[in-house]
file entry-v3.cif (mmCIF, C-alpha atoms)
data_run
#
loop_
_atom_site.label_atom_id
_atom_site.label_comp_id
_atom_site.auth_asym_id
_atom_site.auth_seq_id
_atom_site.Cartn_x
_atom_site.Cartn_y
_atom_site.Cartn_z
CA MET W 1 2.85 16.59 6.80
CA TRP W 2 0.90 13.38 7.11
CA SER W 3 -2.46 12.28 8.42
CA TYR W 4 -3.71 8.90 9.60
CA GLU W 5 -6.80 6.95 8.63
CA LYS W 6 -7.84 4.35 11.19
CA ARG W 7 -8.08 1.26 8.98
CA LEU W 8 -5.76 -1.09 7.10
CA GLN W 9 -5.41 -0.64 3.34
CA PHE W 10 -6.45 -4.31 2.97
CA PRO W 11 -8.05 -6.38 5.75
CA VAL W 12 -5.95 -8.76 7.86
CA ASN W 13 -7.79 -11.44 9.85
CA ILE W 14 -5.48 -14.27 10.85
CA LYS W 15 -7.15 -17.10 12.75
CA GLU W 16 -4.21 -19.31 13.75
CA PRO W 17 -0.94 -18.04 15.22
CA ASN W 18 2.21 -19.23 13.43
CA ALA W 19 5.53 -17.95 14.79
CA LYS W 20 7.59 -19.64 12.09
CA LEU W 21 5.67 -17.80 9.37
CA ALA W 22 5.87 -14.55 11.38
CA GLN W 23 9.66 -14.67 11.31
CA VAL W 24 9.68 -14.99 7.50
CA ILE W 25 7.03 -12.32 6.90
CA MET W 26 8.92 -9.98 9.25
CA SER W 27 11.41 -9.52 6.39
CA GLN W 28 8.76 -7.66 4.40
CA TYR W 29 8.63 -5.22 7.33
CA GLY W 30 12.28 -4.49 8.00
CA GLY W 31 14.26 -6.65 5.56
CA PRO W 32 16.37 -5.55 2.56
CA ASP W 33 13.36 -5.36 0.22
CA GLY W 34 10.78 -4.59 2.90
CA GLU W 35 8.21 -1.83 3.10
CA MET W 36 10.25 0.28 5.51
CA GLY W 37 13.12 0.47 3.03
CA ALA W 38 10.66 1.13 0.19
CA SER W 39 8.96 3.99 1.98
CA MET W 40 12.23 5.60 3.16
CA ARG W 41 13.70 5.16 -0.35
CA TYR W 42 10.92 7.10 -2.11
CA LEU W 43 10.45 9.71 0.58
CA SER W 44 14.20 10.43 0.61
CA GLN W 45 14.66 10.43 -3.17
CA ARG W 46 11.82 12.84 -3.91
CA TYR W 47 13.90 15.98 -3.26
CA ALA W 48 16.30 15.28 -6.10
CA THR W 49 14.03 15.49 -9.13
CA PRO W 50 13.38 18.60 -11.21
CA TYR W 51 9.96 17.19 -12.26
CA ARG W 52 6.98 17.87 -10.01
CA GLU W 53 5.24 14.85 -11.53
CA VAL W 54 8.06 12.63 -10.25
CA SER W 55 8.50 14.20 -6.79
CA GLY W 56 4.71 14.07 -6.40
CA LEU W 57 4.59 10.43 -7.43
CA LEU W 58 7.47 9.53 -5.08
CA THR W 59 5.63 11.29 -2.24
CA ASP W 60 2.40 9.36 -2.91
CA ILE W 61 4.11 6.00 -3.40
CA GLY W 62 6.29 6.55 -0.31
CA THR W 63 3.07 7.25 1.59
CA GLU W 64 1.36 4.14 0.23
CA GLU W 65 4.36 2.03 1.32
CA LEU W 66 3.66 3.18 4.89
CA ALA W 67 0.17 1.70 4.54
CA HIS W 68 1.80 -1.53 3.31
CA LEU W 69 4.18 -1.41 6.29
CA GLU W 70 1.19 -1.26 8.62
CA MET W 71 -0.46 -4.29 6.96
CA VAL W 72 2.73 -6.37 7.26
CA ALA W 73 3.03 -5.41 10.94
CA ALA W 74 -0.62 -6.42 11.45
CA ILE W 75 0.10 -9.83 9.88
CA VAL W 76 3.16 -10.42 12.10
CA HIS W 77 1.30 -9.17 15.18
CA GLN W 78 -1.67 -11.48 14.55
CA LEU W 79 0.60 -14.45 13.77
CA THR W 80 2.29 -14.09 17.17
CA ARG W 81 -0.84 -13.69 19.31
CA ASN W 82 -1.48 -16.17 22.14
CA LEU W 83 1.68 -18.25 21.62
CA SER W 84 2.78 -20.73 24.28
CA MET W 85 6.44 -20.92 25.35
CA GLU W 86 6.57 -24.38 23.83
CA GLU W 87 5.35 -23.10 20.46
CA ILE W 88 7.90 -20.28 20.56
CA GLU W 89 10.77 -22.72 21.11
CA LYS W 90 9.52 -25.31 18.61
CA SER W 91 8.98 -22.77 15.82
CA GLY W 92 12.46 -21.25 15.99
CA PHE W 93 11.05 -17.93 17.24
CA ALA W 94 13.08 -18.06 20.50
CA PRO W 95 16.01 -15.86 19.29
CA TYR W 96 13.62 -13.07 18.25
CA TYR W 97 11.56 -13.53 21.40
CA THR W 98 14.67 -13.17 23.57
CA ASP W 99 15.30 -9.63 22.34
CA HIS W 100 11.82 -8.34 21.49
CA THR W 101 9.25 -10.75 22.99
CA ILE W 102 6.37 -10.32 20.54
CA GLY W 103 7.05 -6.65 19.92
CA ILE W 104 7.25 -5.53 16.30
CA TRP W 105 10.85 -4.67 15.42
CA PRO W 106 12.22 -4.10 11.91
CA GLN W 107 14.59 -6.89 10.94
CA ALA W 108 15.21 -9.29 8.04
CA ALA W 109 14.15 -12.96 8.28
CA GLY W 110 17.74 -13.87 9.23
CA GLY W 111 17.81 -11.38 12.11
CA VAL W 112 19.74 -8.55 10.41
CA PRO W 113 18.37 -5.22 11.71
CA PHE W 114 16.79 -2.73 9.33
CA ASN W 115 19.50 -0.60 7.80
CA ALA W 116 19.45 2.46 5.52
CA CYS W 117 22.09 0.72 3.40
CA GLU W 118 19.21 -1.29 1.90
CA PHE W 119 18.38 1.67 -0.34
CA GLN W 120 20.14 4.43 -2.20
CA SER W 121 19.56 8.13 -2.68
CA LYS W 122 22.11 9.72 -5.02
CA GLY W 123 20.71 13.15 -5.77
CA ASP W 124 20.10 12.25 -9.43
CA VAL W 125 16.63 11.29 -10.60
CA ILE W 126 17.68 8.79 -13.29
CA THR W 127 20.18 7.05 -11.00
CA ASP W 128 17.53 6.85 -8.27
CA LEU W 129 14.84 5.52 -10.62
CA PHE W 130 17.14 2.72 -11.80
CA GLU W 131 17.65 1.76 -8.16
CA ASP W 132 13.88 1.83 -7.63
CA MET W 133 13.33 -0.60 -10.50
CA ALA W 134 15.91 -2.98 -9.04
CA ALA W 135 14.32 -2.74 -5.60
CA ASP W 136 10.64 -2.92 -6.42
CA GLY W 137 10.85 -5.34 -9.34
CA THR W 138 7.35 -4.70 -10.55
CA PRO W 139 5.40 -1.44 -10.31
CA LEU W 140 3.97 -1.87 -6.81
CA MET U 1 6.26 15.25 -19.26
CA GLN U 2 6.30 14.16 -22.86
CA ASP U 3 4.20 11.30 -24.04
CA TYR U 4 6.66 9.15 -25.97
CA ASN U 5 5.32 6.45 -28.20
CA PHE U 6 7.36 3.38 -27.44
CA ASP U 7 6.93 1.61 -30.78
CA GLU U 8 7.67 4.40 -33.24
CA ARG U 9 10.84 5.70 -31.63
CA PHE U 10 12.24 2.46 -30.33
CA GLU U 11 14.78 2.14 -33.17
CA HIS U 12 16.30 5.51 -32.36
CA TYR U 13 16.79 4.91 -28.64
CA PRO U 14 20.43 4.80 -27.48
CA ILE U 15 21.62 1.32 -26.62
CA ALA U 16 22.69 0.23 -23.11
CA MET U 17 19.84 2.11 -21.40
CA ALA U 18 16.67 0.72 -19.82
CA TYR U 19 13.22 1.94 -20.88
CA VAL U 20 9.72 1.68 -19.51
CA PRO U 21 6.84 2.07 -21.98
CA TRP U 22 4.39 4.87 -21.20
CA GLN U 23 1.03 3.86 -19.73
CA HIS U 24 -2.10 4.99 -21.54
CA LEU U 25 -5.44 4.86 -19.78
CA SER U 26 -7.68 2.42 -21.57
CA GLN U 27 -10.19 1.28 -18.98
CA ILE U 28 -10.38 0.41 -15.31
CA TYR U 29 -11.95 -2.77 -13.96
CA GLU U 30 -15.71 -2.49 -13.76
CA ASN U 31 -15.82 -4.63 -10.63
CA LEU U 32 -13.77 -2.59 -8.14
CA GLU U 33 -13.98 -5.25 -5.43
CA GLU U 34 -12.27 -7.63 -7.85
CA ALA U 35 -9.63 -4.95 -8.58
CA PHE U 36 -9.09 -4.58 -4.82
CA GLU U 37 -8.38 -8.33 -4.55
CA ILE U 38 -6.15 -8.33 -7.66
CA GLY U 39 -4.15 -5.33 -6.46
CA THR U 40 -4.68 -2.94 -9.37
CA ILE U 41 -7.57 -1.19 -11.10
CA PHE U 42 -5.67 -1.27 -14.42
CA PRO U 43 -6.14 -4.53 -16.40
CA GLU U 44 -2.82 -3.91 -18.22
CA LEU U 45 -0.95 -3.99 -14.87
CA ASP U 46 -2.54 -7.25 -13.69
CA LYS U 47 0.48 -9.57 -13.81
CA PRO U 48 0.04 -12.55 -11.49
CA PHE U 49 3.26 -13.94 -9.98
CA THR U 50 3.63 -17.66 -10.64
CA GLY U 51 6.60 -18.32 -8.37
CA ARG U 52 9.28 -17.82 -11.02
CA ARG U 53 7.97 -15.18 -13.36
CA VAL U 54 4.92 -13.04 -13.96
CA ILE U 55 2.27 -13.72 -16.55
CA SER U 56 2.59 -10.86 -19.04
CA MET Y 1 -10.37 -9.02 18.47
CA ASN Y 2 -12.93 -6.39 17.72
CA ASN Y 3 -16.61 -7.17 17.38
CA PHE Y 4 -17.59 -5.29 14.28
CA SER Y 5 -21.11 -5.95 13.07
CA SER Y 6 -21.37 -7.29 9.54
CA GLU Y 7 -22.82 -3.93 8.48
CA GLN Y 8 -19.83 -2.11 9.96
CA SER Y 9 -17.37 -4.54 8.34
CA ARG Y 10 -19.08 -4.18 4.98
CA MET Y 11 -18.99 -0.39 5.15
CA LEU Y 12 -15.31 -0.39 6.06
CA LYS Y 13 -14.53 -2.77 3.23
CA ASP Y 14 -16.47 -0.67 0.72
CA ILE Y 15 -14.55 2.40 1.85
CA SER Y 16 -11.30 0.51 1.38
CA ILE Y 17 -12.30 -0.64 -2.10
CA ILE Y 18 -13.13 2.92 -3.19
CA ASP Y 19 -10.04 4.35 -1.50
CA PHE Y 20 -7.81 1.79 -3.22
CA THR Y 21 -9.31 2.93 -6.53
CA LEU Y 22 -8.46 6.51 -5.57
CA VAL Y 23 -4.87 5.62 -4.64
CA GLU Y 24 -4.41 3.96 -8.04
CA LEU Y 25 -5.93 6.90 -9.93
CA ASN Y 26 -3.91 9.36 -7.82
CA GLU Y 27 -0.62 7.67 -8.73
CA TYR Y 28 -1.61 7.44 -12.40
CA LEU Y 29 -2.56 11.13 -12.45
CA ASP Y 30 0.78 12.10 -10.85
CA THR Y 31 2.48 11.21 -14.13
CA HIS Y 32 -0.53 11.98 -16.37
CA PRO Y 33 -1.86 15.24 -14.88
CA HIS Y 34 -3.72 16.25 -18.04
CA ASP Y 35 -5.64 13.00 -18.56
CA ARG Y 36 -9.27 14.17 -18.57
CA GLN Y 37 -10.80 10.71 -18.32
CA ALA Y 38 -8.68 9.77 -15.29
CA MET Y 39 -9.57 13.13 -13.72
CA GLU Y 40 -13.27 12.36 -14.16
CA TYR Y 41 -12.87 8.94 -12.58
CA PHE Y 42 -10.96 10.49 -9.67
CA ASN Y 43 -13.50 13.23 -9.02
CA HIS Y 44 -16.36 10.71 -9.16
CA TYR Y 45 -14.84 8.27 -6.67
CA ALA Y 46 -13.47 11.03 -4.40
CA ARG Y 47 -17.04 12.30 -3.88
CA ILE Y 48 -18.24 8.77 -3.07
CA LYS Y 49 -15.34 8.11 -0.66
CA ASN Y 50 -15.94 11.38 1.13
CA GLN Y 51 -19.62 10.62 1.68
CA MET Y 52 -18.93 7.03 2.78
CA ALA Y 53 -16.23 8.11 5.25
CA ARG Y 54 -18.58 10.70 6.73
CA ASP Y 55 -21.43 8.19 7.05
CA PHE Y 56 -19.15 5.62 8.66
CA SER Y 57 -17.66 8.16 11.09
CA ALA Y 58 -21.11 9.39 12.13
CA ARG Y 59 -22.36 5.85 12.71
CA TYR Y 60 -19.34 4.03 14.21
CA PHE Y 61 -16.07 5.88 14.91
CA PRO Y 62 -14.10 8.67 13.23
CA LEU Y 63 -11.94 7.33 10.39
CA THR Y 64 -9.73 10.39 10.77
CA ALA Y 65 -9.51 12.49 13.92
CA ASP Y 66 -11.07 15.48 12.17
CA MET Y 67 -14.14 13.38 11.34
CA SER Y 68 -15.03 13.25 15.02
CA THR Y 69 -18.69 14.03 15.27
CA ASP Y 70 -20.57 15.64 18.09
CA THR Y 71 -20.05 12.97 20.76
CA LYS Y 72 -19.37 13.21 24.50
CA ASP Y 73 -16.39 10.86 24.36
CA TRP Y 74 -13.22 10.85 22.26
CA ASN Y 75 -14.10 7.85 20.07
CA TRP Y 76 -11.01 8.35 17.94
CA VAL Y 77 -9.02 6.57 20.67
CA LEU Y 78 -11.78 4.40 22.16
CA SER Y 79 -12.42 2.54 18.88
CA PRO Y 80 -10.37 -0.56 17.95
CA MET Y 81 -6.94 -0.20 16.35
CA PRO Y 82 -6.89 -1.58 12.80
CA TRP Y 83 -4.61 -4.54 13.60
CA GLU Y 84 -6.99 -5.93 16.21
CA SER Y 85 -8.43 -7.64 13.10
CA SER Y 86 -9.76 -5.57 10.33
CA PHE Y 87 -13.17 -6.08 8.80
CA GLY Y 88 -14.43 -9.25 10.44
CA GLU Y 89 -14.39 -11.93 7.74
CA GLY Y 90 -12.33 -11.81 4.57
CA GLY Y 91 -8.88 -10.50 3.76
CA CYS Y 92 -5.53 -12.14 4.50
CA LYS Y 93 -6.03 -15.23 6.67
#

call {"tool": "encode", "arguments": {"input": "entry-v3.cif", "output": "structure tokens"}}
result
Amino acid sequence: MWSYEKRLQFPVNIKEPNAKLAQVIMSQYGGPDGEMGASMRYLSQRYATPYREVSGLLTDIGTEELAHLEMVAAIVHQLTRNLSMEEIEKSGFAPYYTDHTIGIWPQAAGGVPFNACEFQSKGDVITDLFEDMAADGTPL
Amino acid sequence: MQDYNFDERFEHYPIAMAYVPWQHLSQIYENLEEAFEIGTIFPELDKPFTGRRVIS
Amino acid sequence: MNNFSSEQSRMLKDISIIDFTLVELNEYLDTHPHDRQAMEYFNHYARIKNQMARDFSARYFPLTADMSTDTKDWNWVLSPMPWESSFGEGGCK
């Protein structure tokens, strides 16, 4: 079960649109090390641990990653507001625009769609935690 | 979960495994707005990224 | 773009600061469930967050649907979505 709070975890107020930047930041949404993969990783792995402390932590971190996902989407959304066709072409945003216009769609910076192969869930808590360290790098 | 002391037992740990030291609560930032900007309320977890590595 | 007053923006930011503190303490307590000091911090800030969220919801719009107060209209959906720009000034630019 989840509930929604109507605010971003950290404020996002972008003044100038920048489609080139949007395409790079998009990777943090649906790329190999993005928030979508992070959230799905923790929320999927939490069933495989015999420790309540760990399944509880994975639940809460997986939930927090959804709040991060929303902030990244807000950044991309605000970076692509009020763009002219000329700006879209000049900034290299045209391939994305062709398929999604300025809709938010989970993909990596290079255009690879979000894929569950970006994370692992092996049914063993130690194996999963090693994968988490590789994926998250620092305790985020 | 057990509260292992990283320093004392380190010599006895099996090789070829990775370990993460246990966090002990010391203090949290007094200025919570500053903590909000930094991204953690725990001073010991404040590790700014410099482009290549973090400042430990 | 929303047109939050500076008072509204400040309240929302203060809520976010306290809630971030709670998220951090929550995750620490998940692996340290018997840490008395962390428990005290959590209980203290949880009370503050609760009061702030209620004050904000009564004055501006419900932060969660169940914080809807006694209004004629369904302000949960009439209020701005968070990505319309968050707290006025400040934050990621």

call {"tool": "residues_around", "arguments": {"input": "entry-v3.cif", "residues": "region 30-39 of chain U", "least_positions_apart": "6", "cutoff": "9 Å", "atoms": "all atoms listed in the file", "output": "VMD selection string"}}
result
(chain W and resid 10 140) or (chain U and resid 46 48) or (chain Y and resid 14 16 to 18 20 to 21 91)

call {"tool": "write_last_selection", "arguments": {"input": "entry-v3.cif", "atoms": "C-alpha atoms", "output": "PDB file, in the coordinates of the input"}}
result
ATOM      1  CA  PHE W  10      -6.450  -4.310   2.970  1.00  0.00           C
ATOM      2  CA  LEU W 140       3.970  -1.870  -6.810  1.00  0.00           C
TER       3      LEU W 140
ATOM      4  CA  ASP U  46      -2.540  -7.250 -13.690  1.00  0.00           C
ATOM      5  CA  PRO U  48       0.040 -12.550 -11.490  1.00  0.00           C
TER       6      PRO U  48
ATOM      7  CA  ASP Y  14     -16.470  -0.670   0.720  1.00  0.00           C
ATOM      8  CA  SER Y  16     -11.300   0.510   1.380  1.00  0.00           C
ATOM      9  CA  ILE Y  17     -12.300  -0.640  -2.100  1.00  0.00           C
ATOM     10  CA  ILE Y  18     -13.130   2.920  -3.190  1.00  0.00           C
ATOM     11  CA  PHE Y  20      -7.810   1.790  -3.220  1.00  0.00           C
ATOM     12  CA  THR Y  21      -9.310   2.930  -6.530  1.00  0.00           C
ATOM     13  CA  GLY Y  91      -8.880 -10.500   3.760  1.00  0.00           C
TER      14      GLY Y  91
END

call {"tool": "resolve_selection", "arguments": {"input": "entry-v3.cif", "expression": "the PyMOL selection byres ((chain Y) within 12 of (chain W))", "output": "PyMOL selection string"}}
result
chain Y and resi 1-2+9-34+53+56-57+60-67+75-93

call {"tool": "residues_around", "arguments": {"input": "entry-v3.cif", "residues": "His24 (chain U)", "least_positions_apart": "3", "cutoff": "10 Å", "atoms": "only C-alpha atoms", "output": "list in words"}}
result
Asp3, Pro21, Gln27 and Glu44 of chain U; Tyr28, His32 and Asp35 of chain Y

call {"tool": "atom_distance", "arguments": {"input": "entry-v3.cif", "atom1": "CA of Met26 (chain W)", "atom2": "CA of Ala94 (chain W)"}}
result
14.5 Å

call {"tool": "atom_distance", "arguments": {"input": "entry-v3.cif", "atom1": "CA of Ile104 (chain W)", "atom2": "CA of Met1 (chain W)"}}
result
24.5 Å

call {"tool": "atom_distance", "arguments": {"input": "entry-v3.cif", "atom1": "CA of Thr40 (chain U)", "atom2": "CA of Tyr45 (chain Y)"}}
result
15.4 Å

call {"tool": "resolve_selection", "arguments": {"input": "entry-v3.cif", "expression": "the PyMOL selection byres ((chain W and resi 28) around 10)", "output": "ChimeraX atom specification"}}
result
/W:23-27,29-38,68-69,72-73,76,106-109

call {"tool": "resolve_selection", "arguments": {"input": "entry-v3.cif", "expression": "the PyMOL selection byres ((chain W and resi 45) around 10)", "output": "number ranges by chain"}}
result
W: 40-44, 46-49, 54-55, 58-59, 62, 119-125, 128-129, 132

call {"tool": "write_last_selection", "arguments": {"input": "entry-v3.cif", "atoms": "C-alpha atoms", "output": "PDB file, in the frame of the given file"}}
result
ATOM      1  CA  MET W  40      12.230   5.600   3.160  1.00  0.00           C
ATOM      2  CA  ARG W  41      13.700   5.160  -0.350  1.00  0.00           C
ATOM      3  CA  TYR W  42      10.920   7.100  -2.110  1.00  0.00           C
ATOM      4  CA  LEU W  43      10.450   9.710   0.580  1.00  0.00           C
ATOM      5  CA  SER W  44      14.200  10.430   0.610  1.00  0.00           C
ATOM      6  CA  ARG W  46      11.820  12.840  -3.910  1.00  0.00           C
ATOM      7  CA  TYR W  47      13.900  15.980  -3.260  1.00  0.00           C
ATOM      8  CA  ALA W  48      16.300  15.280  -6.100  1.00  0.00           C
ATOM      9  CA  THR W  49      14.030  15.490  -9.130  1.00  0.00           C
ATOM     10  CA  VAL W  54       8.060  12.630 -10.250  1.00  0.00           C
ATOM     11  CA  SER W  55       8.500  14.200  -6.790  1.00  0.00           C
ATOM     12  CA  LEU W  58       7.470   9.530  -5.080  1.00  0.00           C
ATOM     13  CA  THR W  59       5.630  11.290  -2.240  1.00  0.00           C
ATOM     14  CA  GLY W  62       6.290   6.550  -0.310  1.00  0.00           C
ATOM     15  CA  PHE W 119      18.380   1.670  -0.340  1.00  0.00           C
ATOM     16  CA  GLN W 120      20.140   4.430  -2.200  1.00  0.00           C
ATOM     17  CA  SER W 121      19.560   8.130  -2.680  1.00  0.00           C
ATOM     18  CA  LYS W 122      22.110   9.720  -5.020  1.00  0.00           C
ATOM     19  CA  GLY W 123      20.710  13.150  -5.770  1.00  0.00           C
ATOM     20  CA  ASP W 124      20.100  12.250  -9.430  1.00  0.00           C
ATOM     21  CA  VAL W 125      16.630  11.290 -10.600  1.00  0.00           C
ATOM     22  CA  ASP W 128      17.530   6.850  -8.270  1.00  0.00           C
ATOM     23  CA  LEU W 129      14.840   5.520 -10.620  1.00  0.00           C
ATOM     24  CA  ASP W 132      13.880   1.830  -7.630  1.00  0.00           C
TER      25      ASP W 132
END
